[in-house]
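Chemist: File name coords_1.pdb; file contents PDB, C-alpha atoms; full text below.
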```pdb
ATOM      1  CA  MET A   5     168.943 198.139  41.732
ATOM      2  CA  SER A   6     171.378 198.163  38.783
ATOM      3  CA  LEU A   7     170.736 196.194  35.612
ATOM      4  CA  LEU A   8     173.821 194.065  36.277
ATOM      5  CA  SER A   9     172.732 193.091  39.791
ATOM      6  CA  ALA A  10     169.298 192.189  38.428
ATOM      7  CA  LEU A  11     170.812 189.956  35.739
ATOM      8  CA  VAL A  12     173.189 188.029  38.023
ATOM      9  CA  PRO A  13     170.522 185.700  39.579
ATOM     10  CA  LEU A  14     169.023 185.101  36.121
ATOM     11  CA  LEU A  15     172.384 184.158  34.609
ATOM     12  CA  ARG A  16     173.214 181.853  37.532
ATOM     13  CA  VAL A  17     169.896 180.028  37.211
ATOM     14  CA  TYR A  18     170.152 179.528  33.444
ATOM     15  CA  CYS A  19     173.795 178.412  33.606
ATOM     16  CA  ILE A  20     172.861 175.755  36.154
ATOM     17  CA  GLY A  21     169.886 174.744  34.024
ATOM     18  CA  LEU A  22     172.192 174.282  31.026
ATOM     19  CA  ARG A  23     174.561 172.101  33.071
ATOM     20  CA  VAL A  24     171.668 169.932  34.227
ATOM     21  CA  ILE A  25     170.367 169.548  30.659
ATOM     22  CA  LEU A  26     173.808 168.452  29.408
ATOM     23  CA  HIS A  27     174.028 165.942  32.250
ATOM     24  CA  GLN A  28     170.577 164.594  31.375
ATOM     25  CA  LEU A  29     171.658 164.183  27.752
ATOM     26  CA  ARG A  30     174.629 162.070  28.795
ATOM     27  CA  ARG A  31     172.394 159.880  30.954
ATOM     28  CA  ARG A  32     170.026 159.191  28.068
ATOM     29  CA  PHE A  33     172.703 156.920  26.624
ATOM     30  CA  GLN A  34     173.347 155.112  29.909
ATOM     31  CA  PRO A  35     171.342 152.271  31.500
ATOM     32  CA  ARG A  36     168.364 153.723  33.318
ATOM     33  CA  CYS A  37     167.080 153.024  36.799
ATOM     34  CA  ALA A  38     164.570 150.206  37.094
ATOM     35  CA  PRO A  39     160.967 151.362  36.645
ATOM     36  CA  ALA A  40     158.837 152.064  39.705
ATOM     37  CA  SER A  41     156.850 148.889  39.070
ATOM     38  CA  VAL A  42     159.740 146.761  40.401
ATOM     39  CA  PHE A  43     159.548 148.298  43.860
ATOM     40  CA  PRO A  44     157.862 146.282  46.631
ATOM     41  CA  THR A  45     154.110 146.639  46.925
ATOM     42  CA  GLN A  46     152.954 149.278  49.405
ATOM     43  CA  ASN A  47     149.587 147.844  50.387
ATOM     44  CA  GLY A  48     148.201 149.385  53.569
ATOM     45  CA  LYS A  49     150.423 152.441  53.394
ATOM     46  CA  VAL A  50     149.195 156.031  53.082
ATOM     47  CA  ALA A  51     150.849 158.927  51.255
ATOM     48  CA  ILE A  52     150.150 162.625  50.780
ATOM     49  CA  VAL A  53     151.481 164.337  47.652
ATOM     50  CA  THR A  54     151.204 168.110  47.337
ATOM     51  CA  GLY A  55     150.642 169.362  43.819
ATOM     52  CA  GLY A  56     149.684 165.856  42.784
ATOM     53  CA  ALA A  57     147.183 166.840  40.109
ATOM     54  CA  LYS A  58     149.706 167.672  37.385
ATOM     55  CA  GLY A  59     153.254 167.154  36.184
ATOM     56  CA  ILE A  60     155.758 165.383  38.401
ATOM     57  CA  GLY A  61     153.248 165.202  41.247
ATOM     58  CA  TYR A  62     150.659 163.454  39.081
ATOM     59  CA  GLN A  63     153.174 160.837  37.963
ATOM     60  CA  THR A  64     154.279 160.333  41.565
ATOM     61  CA  VAL A  65     150.699 159.758  42.708
ATOM     62  CA  LYS A  66     150.028 157.359  39.837
ATOM     63  CA  HIS A  67     153.083 155.204  40.571
ATOM     64  CA  LEU A  68     152.485 155.106  44.326
ATOM     65  CA  ALA A  69     148.841 154.150  43.744
ATOM     66  CA  ARG A  70     149.941 151.437  41.330
ATOM     67  CA  LEU A  71     152.116 150.027  44.110
ATOM     68  CA  GLY A  72     149.055 149.749  46.321
ATOM     69  CA  MET A  73     149.309 152.919  48.401
ATOM     70  CA  HIS A  74     146.311 154.961  49.449
ATOM     71  CA  VAL A  75     147.332 158.363  48.057
ATOM     72  CA  ILE A  76     145.859 161.737  48.950
ATOM     73  CA  ILE A  77     146.411 164.555  46.474
ATOM     74  CA  ALA A  78     146.743 167.909  48.231
ATOM     75  CA  GLY A  79     146.075 170.733  45.780
ATOM     76  CA  ASN A  80     144.520 174.162  45.315
ATOM     77  CA  SER A  81     142.208 173.289  42.410
ATOM     78  CA  GLU A  82     139.191 171.093  43.095
ATOM     79  CA  ARG A  83     138.558 170.597  39.376
ATOM     80  CA  ASP A  84     142.143 169.584  38.539
ATOM     81  CA  GLY A  85     142.352 167.398  41.619
ATOM     82  CA  GLN A  86     139.167 165.464  40.926
ATOM     83  CA  GLU A  87     140.124 165.042  37.265
ATOM     84  CA  ALA A  88     143.504 163.631  38.334
ATOM     85  CA  VAL A  89     141.770 161.202  40.699
ATOM     86  CA  ARG A  90     139.460 160.034  37.907
ATOM     87  CA  LYS A  91     142.319 159.486  35.438
ATOM     88  CA  ILE A  92     144.568 157.702  37.929
ATOM     89  CA  LYS A  93     141.767 155.364  38.978
ATOM     90  CA  GLU A  94     141.182 154.508  35.317
ATOM     91  CA  GLU A  95     144.888 153.980  34.581
ATOM     92  CA  THR A  96     145.783 152.027  37.714
ATOM     93  CA  LEU A  97     142.461 150.262  38.357
ATOM     94  CA  THR A  98     142.639 151.288  42.010
ATOM     95  CA  GLY A  99     140.217 153.262  44.126
ATOM     96  CA  LYS A 100     142.870 154.267  46.638
ATOM     97  CA  VAL A 101     143.284 157.839  45.402
ATOM     98  CA  GLU A 102     141.472 160.905  46.676
ATOM     99  CA  PHE A 103     141.732 164.688  46.647
ATOM    100  CA  LEU A 104     141.716 167.125  49.554
ATOM    101  CA  TYR A 105     141.876 170.876  49.074
ATOM    102  CA  CYS A 106     145.045 172.557  50.341
ATOM    103  CA  ASP A 107     146.304 175.975  49.284
ATOM    104  CA  LEU A 108     149.958 176.142  50.323
ATOM    105  CA  ALA A 109     149.851 179.922  49.945
ATOM    106  CA  SER A 110     147.468 180.071  52.917
ATOM    107  CA  MET A 111     148.421 179.067  56.458
ATOM    108  CA  LYS A 112     144.704 178.794  57.279
ATOM    109  CA  SER A 113     144.096 176.396  54.389
ATOM    110  CA  ILE A 114     147.049 174.235  55.411
ATOM    111  CA  ARG A 115     145.722 173.926  58.956
ATOM    112  CA  GLN A 116     142.253 173.051  57.643
ATOM    113  CA  PHE A 117     143.758 170.373  55.394
ATOM    114  CA  VAL A 118     145.600 168.808  58.329
ATOM    115  CA  GLN A 119     142.371 168.815  60.381
ATOM    116  CA  GLN A 120     140.536 167.048  57.536
ATOM    117  CA  PHE A 121     143.300 164.482  57.224
ATOM    118  CA  ARG A 122     143.414 163.795  60.959
ATOM    119  CA  ALA A 123     139.641 163.286  60.945
ATOM    120  CA  LYS A 124     140.210 160.229  58.754
ATOM    121  CA  ASN A 125     142.123 158.561  61.610
ATOM    122  CA  CYS A 126     144.556 156.942  59.217
ATOM    123  CA  PRO A 127     148.352 156.641  59.396
ATOM    124  CA  LEU A 128     150.779 158.540  57.196
ATOM    125  CA  HIS A 129     153.807 156.724  55.837
ATOM    126  CA  VAL A 130     154.971 159.057  53.067
ATOM    127  CA  LEU A 131     154.724 162.835  52.708
ATOM    128  CA  VAL A 132     155.857 164.240  49.354
ATOM    129  CA  ASN A 133     156.373 168.010  49.385
ATOM    130  CA  ASN A 134     156.157 168.495  45.636
ATOM    131  CA  ALA A 135     154.040 171.569  44.828
ATOM    132  CA  GLY A 136     155.612 174.854  43.808
ATOM    133  CA  VAL A 137     155.656 177.954  41.646
ATOM    134  CA  MET A 138     158.537 179.227  39.523
ATOM    135  CA  LEU A 139     159.578 182.688  38.326
ATOM    136  CA  VAL A 140     156.257 184.331  39.160
ATOM    137  CA  PRO A 141     156.054 188.144  39.116
ATOM    138  CA  GLU A 142     156.409 189.854  42.484
ATOM    139  CA  ARG A 143     153.299 189.158  44.551
ATOM    140  CA  LYS A 144     152.264 188.108  48.046
ATOM    141  CA  THR A 145     150.497 185.106  49.529
ATOM    142  CA  GLU A 146     147.343 185.436  51.617
ATOM    143  CA  ASP A 147     149.556 185.865  54.699
ATOM    144  CA  GLY A 148     151.768 188.525  53.121
ATOM    145  CA  PHE A 149     154.774 186.362  52.249
ATOM    146  CA  GLU A 150     156.673 186.637  48.968
ATOM    147  CA  GLU A 151     155.081 183.890  46.884
ATOM    148  CA  HIS A 152     158.117 181.713  46.108
ATOM    149  CA  PHE A 153     159.227 181.710  49.745
ATOM    150  CA  GLY A 154     155.705 181.510  51.132
ATOM    151  CA  LEU A 155     154.327 178.712  48.946
ATOM    152  CA  ASN A 156     157.397 176.686  47.957
ATOM    153  CA  TYR A 157     159.031 176.760  51.372
ATOM    154  CA  LEU A 158     156.923 178.081  54.275
ATOM    155  CA  GLY A 159     153.794 176.213  53.161
ATOM    156  CA  HIS A 160     155.658 172.913  53.177
ATOM    157  CA  PHE A 161     157.483 173.819  56.397
ATOM    158  CA  LEU A 162     154.174 174.281  58.205
ATOM    159  CA  LEU A 163     152.489 171.276  56.583
ATOM    160  CA  THR A 164     155.372 168.974  57.505
ATOM    161  CA  ASN A 165     155.498 170.160  61.104
ATOM    162  CA  LEU A 166     151.745 169.752  61.555
ATOM    163  CA  LEU A 167     151.915 166.186  60.202
ATOM    164  CA  LEU A 168     155.056 165.138  62.097
ATOM    165  CA  ASP A 169     153.241 163.480  64.999
ATOM    166  CA  THR A 170     151.251 161.285  62.618
ATOM    167  CA  LEU A 171     154.395 160.395  60.673
ATOM    168  CA  LYS A 172     156.218 159.489  63.891
ATOM    169  CA  GLN A 173     153.328 157.278  65.005
ATOM    170  CA  SER A 174     153.269 155.535  61.607
ATOM    171  CA  GLY A 175     156.968 154.776  61.259
ATOM    172  CA  THR A 176     158.557 151.649  62.738
ATOM    173  CA  HIS A 177     162.124 150.490  63.291
ATOM    174  CA  SER A 178     162.043 148.333  60.155
ATOM    175  CA  HIS A 179     159.845 150.617  58.046
ATOM    176  CA  ASN A 180     160.481 154.306  58.628
ATOM    177  CA  ALA A 181     157.934 156.884  57.558
ATOM    178  CA  ARG A 182     159.426 159.112  54.864
ATOM    179  CA  ILE A 183     159.376 162.817  54.059
ATOM    180  CA  VAL A 184     160.425 163.589  50.485
ATOM    181  CA  THR A 185     160.875 167.229  49.535
ATOM    182  CA  VAL A 186     161.317 168.320  45.925
ATOM    183  CA  SER A 187     163.945 171.018  45.472
ATOM    184  CA  SER A 188     165.900 171.853  42.318
ATOM    185  CA  ALA A 189     169.427 172.220  40.989
ATOM    186  CA  THR A 190     168.595 175.926  41.046
ATOM    187  CA  HIS A 191     169.357 175.838  44.776
ATOM    188  CA  TYR A 192     173.062 175.842  43.841
ATOM    189  CA  ALA A 193     172.570 179.434  42.669
ATOM    190  CA  GLY A 194     170.493 180.391  45.701
ATOM    191  CA  LYS A 195     171.444 182.762  48.479
ATOM    192  CA  LEU A 196     169.538 182.843  51.747
ATOM    193  CA  HIS A 197     168.982 186.420  52.896
ATOM    194  CA  LEU A 198     167.942 185.962  56.521
ATOM    195  CA  ASP A 199     167.551 189.725  56.892
ATOM    196  CA  ASP A 200     165.323 189.894  53.794
ATOM    197  CA  LEU A 201     163.621 186.537  53.252
ATOM    198  CA  GLN A 202     160.703 188.297  51.547
ATOM    199  CA  SER A 203     162.960 189.885  48.867
ATOM    200  CA  ARG A 204     161.625 193.347  49.734
ATOM    201  CA  CYS A 205     164.905 195.153  49.082
ATOM    202  CA  SER A 206     165.456 193.910  45.548
ATOM    203  CA  TYR A 207     163.064 191.441  43.920
ATOM    204  CA  SER A 208     164.256 189.057  41.240
ATOM    205  CA  PRO A 209     162.025 186.120  40.227
ATOM    206  CA  HIS A 210     165.107 183.988  39.625
ATOM    207  CA  GLY A 211     166.744 184.966  42.915
ATOM    208  CA  ALA A 212     163.519 184.426  44.888
ATOM    209  CA  TYR A 213     162.915 181.023  43.290
ATOM    210  CA  ALA A 214     166.493 179.890  43.921
ATOM    211  CA  GLN A 215     166.302 181.065  47.547
ATOM    212  CA  SER A 216     163.099 179.071  48.138
ATOM    213  CA  LYS A 217     164.728 175.922  46.760
ATOM    214  CA  LEU A 218     167.844 176.413  48.899
ATOM    215  CA  ALA A 219     165.604 176.900  51.931
ATOM    216  CA  LEU A 220     163.997 173.505  51.247
ATOM    217  CA  VAL A 221     167.418 171.800  51.305
ATOM    218  CA  LEU A 222     168.443 173.552  54.534
ATOM    219  CA  PHE A 223     165.070 172.641  56.067
ATOM    220  CA  THR A 224     165.447 168.963  55.140
ATOM    221  CA  TYR A 225     168.897 168.677  56.680
ATOM    222  CA  ARG A 226     167.810 170.391  59.896
ATOM    223  CA  LEU A 227     164.656 168.277  60.059
ATOM    224  CA  GLN A 228     166.656 165.064  59.741
ATOM    225  CA  HIS A 229     168.988 166.218  62.521
ATOM    226  CA  LEU A 230     166.009 166.797  64.809
ATOM    227  CA  LEU A 231     164.349 163.489  63.892
ATOM    228  CA  THR A 232     167.562 161.612  64.647
ATOM    229  CA  ALA A 233     168.014 163.455  67.953
ATOM    230  CA  ASN A 234     164.478 162.451  68.950
ATOM    231  CA  GLY A 235     164.978 158.816  67.956
ATOM    232  CA  SER A 236     162.052 159.056  65.538
ATOM    233  CA  HIS A 237     161.387 156.384  62.922
ATOM    234  CA  VAL A 238     161.033 159.027  60.213
ATOM    235  CA  THR A 239     163.507 160.033  57.524
ATOM    236  CA  ALA A 240     163.700 163.248  55.513
ATOM    237  CA  ASN A 241     165.355 163.497  52.115
ATOM    238  CA  VAL A 242     165.405 166.097  49.363
ATOM    239  CA  VAL A 243     165.318 165.389  45.625
ATOM    240  CA  ASP A 244     166.263 167.180  42.435
ATOM    241  CA  PRO A 245     164.007 166.022  39.561
ATOM    242  CA  GLY A 246     166.169 167.599  36.840
ATOM    243  CA  VAL A 247     164.914 169.842  34.037
ATOM    244  CA  VAL A 248     161.412 168.563  33.347
ATOM    245  CA  ASN A 249     158.855 169.522  30.731
ATOM    246  CA  THR A 250     155.988 170.782  32.946
ATOM    247  CA  GLU A 251     153.718 173.812  33.248
ATOM    248  CA  LEU A 252     156.126 175.444  35.716
ATOM    249  CA  TYR A 253     157.769 177.248  32.792
ATOM    250  CA  LYS A 254     154.728 179.385  32.005
ATOM    251  CA  HIS A 255     156.331 182.490  33.558
ATOM    252  CA  VAL A 256     159.694 182.356  31.717
ATOM    253  CA  PHE A 257     160.606 184.802  28.933
ATOM    254  CA  TRP A 258     158.850 184.173  25.621
ATOM    255  CA  VAL A 259     162.185 183.401  23.937
ATOM    256  CA  VAL A 260     162.777 180.613  26.471
ATOM    257  CA  LYS A 261     159.246 179.321  25.884
ATOM    258  CA  VAL A 262     159.908 179.078  22.136
ATOM    259  CA  LEU A 263     163.232 177.290  22.690
ATOM    260  CA  LYS A 264     161.577 174.922  25.148
ATOM    261  CA  TRP A 265     158.799 174.144  22.670
ATOM    262  CA  MET A 266     161.372 173.359  19.968
ATOM    263  CA  THR A 267     163.808 171.305  22.047
ATOM    264  CA  ALA A 268     161.918 169.816  25.014
ATOM    265  CA  TRP A 269     161.597 166.421  23.287
ATOM    266  CA  LEU A 270     165.406 166.091  23.316
ATOM    267  CA  PHE A 271     166.700 168.109  26.257
ATOM    268  CA  PHE A 272     163.949 167.915  28.883
ATOM    269  CA  LYS A 273     162.804 164.978  30.952
ATOM    270  CA  THR A 274     159.189 163.906  30.714
ATOM    271  CA  PRO A 275     157.134 164.308  33.920
ATOM    272  CA  GLU A 276     157.331 160.535  34.390
ATOM    273  CA  GLU A 277     161.125 160.614  34.155
ATOM    274  CA  GLY A 278     161.199 163.618  36.468
ATOM    275  CA  ALA A 279     159.174 161.732  39.081
ATOM    276  CA  SER A 280     161.526 158.744  39.199
ATOM    277  CA  THR A 281     163.818 160.124  41.910
ATOM    278  CA  THR A 282     160.863 161.137  44.070
ATOM    279  CA  ILE A 283     159.396 157.642  43.772
ATOM    280  CA  CYS A 284     162.749 156.059  44.631
ATOM    281  CA  ALA A 285     163.023 158.273  47.720
ATOM    282  CA  ALA A 286     159.486 157.351  48.760
ATOM    283  CA  VAL A 287     159.644 153.553  48.465
ATOM    284  CA  SER A 288     163.099 152.220  47.568
ATOM    285  CA  PRO A 289     164.311 149.552  50.050
ATOM    286  CA  GLU A 290     167.854 150.830  49.481
ATOM    287  CA  LEU A 291     166.921 154.071  51.234
ATOM    288  CA  GLU A 292     165.300 152.445  54.245
ATOM    289  CA  GLY A 293     166.511 154.309  57.326
ATOM    290  CA  ALA A 294     168.599 156.755  55.263
ATOM    291  CA  GLY A 295     167.893 160.432  55.837
ATOM    292  CA  GLY A 296     169.478 163.799  55.202
ATOM    293  CA  CYS A 297     170.343 162.876  51.609
ATOM    294  CA  TYR A 298     170.262 164.988  48.453
ATOM    295  CA  LEU A 299     169.136 162.756  45.590
ATOM    296  CA  CYS A 300     169.398 163.345  41.856
ATOM    297  CA  ASN A 301     168.860 160.810  39.077
ATOM    298  CA  GLU A 302     168.028 158.174  41.710
ATOM    299  CA  GLU A 303     171.484 158.611  43.288
ATOM    300  CA  ARG A 304     172.841 160.346  46.376
ATOM    301  CA  THR A 305     174.903 163.376  45.496
ATOM    302  CA  LYS A 306     176.267 166.559  47.060
ATOM    303  CA  SER A 307     174.138 169.669  47.431
ATOM    304  CA  ALA A 308     175.432 173.227  47.573
ATOM    305  CA  ASP A 309     178.131 173.747  50.228
ATOM    306  CA  VAL A 310     176.089 176.407  52.017
ATOM    307  CA  ALA A 311     173.287 173.880  52.611
ATOM    308  CA  TYR A 312     175.532 172.035  55.082
ATOM    309  CA  ASP A 313     175.956 175.127  57.276
ATOM    310  CA  GLU A 314     174.349 173.912  60.520
ATOM    311  CA  GLU A 315     174.134 177.395  62.028
ATOM    312  CA  LEU A 316     172.286 178.638  58.950
ATOM    313  CA  GLN A 317     169.958 175.617  59.164
ATOM    314  CA  ARG A 318     169.181 176.437  62.808
ATOM    315  CA  ARG A 319     168.592 180.123  62.168
ATOM    316  CA  LEU A 320     166.286 179.448  59.216
ATOM    317  CA  TRP A 321     164.310 176.910  61.252
ATOM    318  CA  THR A 322     163.874 179.315  64.159
ATOM    319  CA  GLU A 323     162.802 182.170  61.898
ATOM    320  CA  SER A 324     160.414 179.904  59.993
ATOM    321  CA  CYS A 325     158.701 178.839  63.220
ATOM    322  CA  LYS A 326     158.099 182.502  64.044
ATOM    323  CA  MET A 327     156.752 183.233  60.575
ATOM    324  CA  VAL A 328     154.192 180.394  60.536
ATOM    325  CA  GLY A 329     153.268 180.693  64.192
ATOM    326  CA  ILE A 330     154.417 177.394  65.693
ATOM    327  CA  SER A 331     156.607 176.738  68.731
ATOM    328  CA  ASP A 332     160.261 176.018  68.123
ATOM    329  CA  GLU A 333     160.632 172.666  69.851
ATOM    330  CA  ALA A 334     164.070 172.391  68.269
ATOM    331  CA  SER A 335     165.367 175.169  70.534
ATOM    332  CA  ARG A 336     165.675 172.586  73.313
ATOM    333  CA  LEU A 337     167.749 170.250  71.181
ATOM    334  CA  PRO A 338     171.367 170.534  69.981
TER     335      PRO A 338
END
```
Rewrite the structure from the file as structure tokens, please.

Modeler:
Amino acid sequence: MSLLSALVPLLRVYCIGLRVILHQLRRRFQPRCAPASVFPTQNGKVAIVTGGAKGIGYQTVKHLARLGMHVIIAGNSERDGQEAVRKIKEETLTGKVEFLYCDLASMKSIRQFVQQFRAKNCPLHVLVNNAGVMLVPERKTEDGFEEHFGLNYLGHFLLTNLLLDTLKQSGTHSHNARIVTVSSATHYAGKLHLDDLQSRCSYSPHGAYAQSKLALVLFTYRLQHLLTANGSHVTANVVDPGVVNTELYKHVFWVVKVLKWMTAWLFFKTPEEGASTTICAAVSPELEGAGGCYLCNEERTKSADVAYDEELQRRLWTESCKMVGISDEASRLP
């Protein structure tokens, strides 16, 4: 692979990041969305948040718990998860937060998590697919998948499908269950290589990350199509949190780390600000019954043109079912 071809994904990702940062700067001087505390109480409702022990996920869990939800943190670190539960209980004065182990890089772990959740015999009103890795060096998951694609996308694809029946049973005509998937503006730079989803031919951390985030948008749109076709009281939306100051940046170049350290206070959103769109998607009355939306800064906006390619959505869905070992029920639907 030539140096130029290796640099192209990197340049695309950073150019998009710069555009997002400039947009965030403009919004700092505009009226902000109402805080999560003004949303209706969610007493009696249950949510699962992947990666809820830190960053955007932690803030999402805290706000949903404050609204009265019973929130389950799904994460791959028992220590971090239990510490998050302790802190959130102290800050929100609620006992409706718990941790269950779930390693999204392991299909076996995901299935075990779903079994543990089902054993609780409780409903599920909100699923937040939040966890992810960014710009990691080339490596494989337990099942042999490239890590960005395997954890960011396939892990959430399997988790969502295994929880769909519970979500469908929990949603009603007036109060749909909701699936909220966290993508990124980086998806605009993504290219889906259906013949090389594992990036075996030419690995680029930036290209692999962008592809995983594009896959999440395609997945959400296809999922909403299938939910609508089935008449299910479940909606699926995808959110872009913006450029947020979290631990996800630990694998970027050292120069970028230094610049981030010097400028994050001005250019980056805080994790709480980054979680605002996710929280809106999870509980806002304005989004009741609305699915298949791409949300950024608490507003509906347009995703990358390629994400609306219905044939590409279908092909990715079919291939994903094969990869995670589930039946493709969608093959019998339009």

Chemist: What do you get, as a PDB file with C-alpha atoms, in the coordinates of the input, if you spell out every residue that the PyMOL selection byres ((chain A and resi 240-247) around 8) selects here?

Modeler:
```pdb
ATOM      1  CA  GLY A  21     169.886 174.744  34.024  1.00  0.00           C
ATOM      2  CA  VAL A  24     171.668 169.932  34.227  1.00  0.00           C
ATOM      3  CA  ILE A  25     170.367 169.548  30.659  1.00  0.00           C
ATOM      4  CA  GLN A  28     170.577 164.594  31.375  1.00  0.00           C
ATOM      5  CA  ARG A 182     159.426 159.112  54.864  1.00  0.00           C
ATOM      6  CA  ILE A 183     159.376 162.817  54.059  1.00  0.00           C
ATOM      7  CA  VAL A 184     160.425 163.589  50.485  1.00  0.00           C
ATOM      8  CA  THR A 185     160.875 167.229  49.535  1.00  0.00           C
ATOM      9  CA  VAL A 186     161.317 168.320  45.925  1.00  0.00           C
ATOM     10  CA  SER A 187     163.945 171.018  45.472  1.00  0.00           C
ATOM     11  CA  SER A 188     165.900 171.853  42.318  1.00  0.00           C
ATOM     12  CA  ALA A 189     169.427 172.220  40.989  1.00  0.00           C
ATOM     13  CA  LEU A 220     163.997 173.505  51.247  1.00  0.00           C
ATOM     14  CA  VAL A 221     167.418 171.800  51.305  1.00  0.00           C
ATOM     15  CA  THR A 224     165.447 168.963  55.140  1.00  0.00           C
ATOM     16  CA  TYR A 225     168.897 168.677  56.680  1.00  0.00           C
ATOM     17  CA  LEU A 227     164.656 168.277  60.059  1.00  0.00           C
ATOM     18  CA  GLN A 228     166.656 165.064  59.741  1.00  0.00           C
ATOM     19  CA  VAL A 238     161.033 159.027  60.213  1.00  0.00           C
ATOM     20  CA  THR A 239     163.507 160.033  57.524  1.00  0.00           C
ATOM     21  CA  VAL A 248     161.412 168.563  33.347  1.00  0.00           C
ATOM     22  CA  ASN A 249     158.855 169.522  30.731  1.00  0.00           C
ATOM     23  CA  PHE A 272     163.949 167.915  28.883  1.00  0.00           C
ATOM     24  CA  LYS A 273     162.804 164.978  30.952  1.00  0.00           C
ATOM     25  CA  GLY A 278     161.199 163.618  36.468  1.00  0.00           C
ATOM     26  CA  ALA A 279     159.174 161.732  39.081  1.00  0.00           C
ATOM     27  CA  SER A 280     161.526 158.744  39.199  1.00  0.00           C
ATOM     28  CA  THR A 281     163.818 160.124  41.910  1.00  0.00           C
ATOM     29  CA  THR A 282     160.863 161.137  44.070  1.00  0.00           C
ATOM     30  CA  ALA A 285     163.023 158.273  47.720  1.00  0.00           C
ATOM     31  CA  GLY A 295     167.893 160.432  55.837  1.00  0.00           C
ATOM     32  CA  GLY A 296     169.478 163.799  55.202  1.00  0.00           C
ATOM     33  CA  CYS A 297     170.343 162.876  51.609  1.00  0.00           C
ATOM     34  CA  TYR A 298     170.262 164.988  48.453  1.00  0.00           C
ATOM     35  CA  LEU A 299     169.136 162.756  45.590  1.00  0.00           C
ATOM     36  CA  CYS A 300     169.398 163.345  41.856  1.00  0.00           C
ATOM     37  CA  ASN A 301     168.860 160.810  39.077  1.00  0.00           C
TER      38      ASN A 301
END
```

Chemist: Would you list the contacts of A:Gly194 as a ChimeraX atom specification, taking every protein, DNA or RNA residue within 8 Å and counting all atoms listed in the file, but skipping same-chain residues closer than 5 positions in sequence?

Modeler: /A:211,213-218

Chemist: Mind writing the picked residues with C-alpha atoms as a PDB file, keeping the file's coordinate frame?

Modeler:
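result23.pdb, written as the output of this step:
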```
ATOM      1  CA  GLY A 211     166.744 184.966  42.915  1.00  0.00           C
ATOM      2  CA  TYR A 213     162.915 181.023  43.290  1.00  0.00           C
ATOM      3  CA  ALA A 214     166.493 179.890  43.921  1.00  0.00           C
ATOM      4  CA  GLN A 215     166.302 181.065  47.547  1.00  0.00           C
ATOM      5  CA  SER A 216     163.099 179.071  48.138  1.00  0.00           C
ATOM      6  CA  LYS A 217     164.728 175.922  46.760  1.00  0.00           C
ATOM      7  CA  LEU A 218     167.844 176.413  48.899  1.00  0.00           C
TER       8      LEU A 218
END
```

Chemist: For stretch 52-62 of chain A, take all atoms listed in the file, fit an axis-aligned box around them, add 6 Å to each of the six sides, then output centre and edge lengths in Å rounded to one decimal, as JSON.

Modeler:
```
{"center_x": 151.5, "center_y": 166.0, "center_z": 43.5, "size_x": 20.6, "size_y": 18.7, "size_z": 26.6}
```

Chemist: Pick the closest to A:Leu97 from A:His229, A:Lys195, A:Arg122, A:Lys66: which is it, counting only C-alpha atoms?

Modeler: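 That would be A:Lys66, the residue with the smallest distance to A:Leu97.
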
Chemist: Which of these residues is nearest to A:Ser113, using all atoms listed in the file: A:Leu128, A:Ile77, A:Leu168, A:Leu163?

Modeler: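 Closest to A:Ser113, using all atoms listed in the file: A:Leu163.
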
Chemist: What is the distance between atom CA of A:Thr176 and atom CA of A:Ile52, in Å to one decimal?

Modeler: 18.3 Å

Chemist: Do a neighbour search on stretch 311-322 of chain A at 8 Å with all atoms listed in the file, toss out local chain neighbours closer than 4 positions, and write the hits as a PyMOL selection string.

Modeler: chain A and resi 198+218-219+221-223+225-226+307+326+332+335

Chemist: Counting all atoms listed in the file, which residue out of A:Arg304, A:Leu71, A:Lys58, A:Gln86 sits closest to A:Val42?

Modeler: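 For A:Val42, the nearest of the candidates is A:Leu71.
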
Chemist: Considering all atoms listed in the file, state which residue in the set A:Val328, A:Leu231, A:Ala286, A:Val132 is at the smallest distance from A:Ser110.

Modeler: A:Val328

Chemist: Which is closer to A:Thr54 than all the others in A:Ser81, A:Thr232, A:Asn133, A:Gln173, using only C-alpha atoms?

Modeler: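 Closest to A:Thr54, using only C-alpha atoms: A:Asn133.
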
Chemist: Can you list, as an MDAnalysis selection string, every protein, DNA or RNA residue that comes within 12 Å of A:Arg83 when you count all atoms listed in the file, leaving out same-chain residues fewer than 6 positions away?

Modeler: chainID A and resid 57:58 89:90 103:105

Chemist: Residues picked by the PyMOL selection byres ((chain A and resi 107) around 9) here, as a PDB file with C-alpha atoms, in the frame of the given file?

Modeler:
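Everything below was put into result35.pdb:
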```pdb
ATOM      1  CA  ALA A  78     146.743 167.909  48.231  1.00  0.00           C
ATOM      2  CA  GLY A  79     146.075 170.733  45.780  1.00  0.00           C
ATOM      3  CA  ASN A  80     144.520 174.162  45.315  1.00  0.00           C
ATOM      4  CA  SER A  81     142.208 173.289  42.410  1.00  0.00           C
ATOM      5  CA  TYR A 105     141.876 170.876  49.074  1.00  0.00           C
ATOM      6  CA  CYS A 106     145.045 172.557  50.341  1.00  0.00           C
ATOM      7  CA  LEU A 108     149.958 176.142  50.323  1.00  0.00           C
ATOM      8  CA  ALA A 109     149.851 179.922  49.945  1.00  0.00           C
ATOM      9  CA  SER A 110     147.468 180.071  52.917  1.00  0.00           C
ATOM     10  CA  MET A 111     148.421 179.067  56.458  1.00  0.00           C
ATOM     11  CA  LYS A 112     144.704 178.794  57.279  1.00  0.00           C
ATOM     12  CA  SER A 113     144.096 176.396  54.389  1.00  0.00           C
ATOM     13  CA  ILE A 114     147.049 174.235  55.411  1.00  0.00           C
ATOM     14  CA  PHE A 117     143.758 170.373  55.394  1.00  0.00           C
ATOM     15  CA  LEU A 155     154.327 178.712  48.946  1.00  0.00           C
ATOM     16  CA  GLY A 159     153.794 176.213  53.161  1.00  0.00           C
TER      17      GLY A 159
END
```
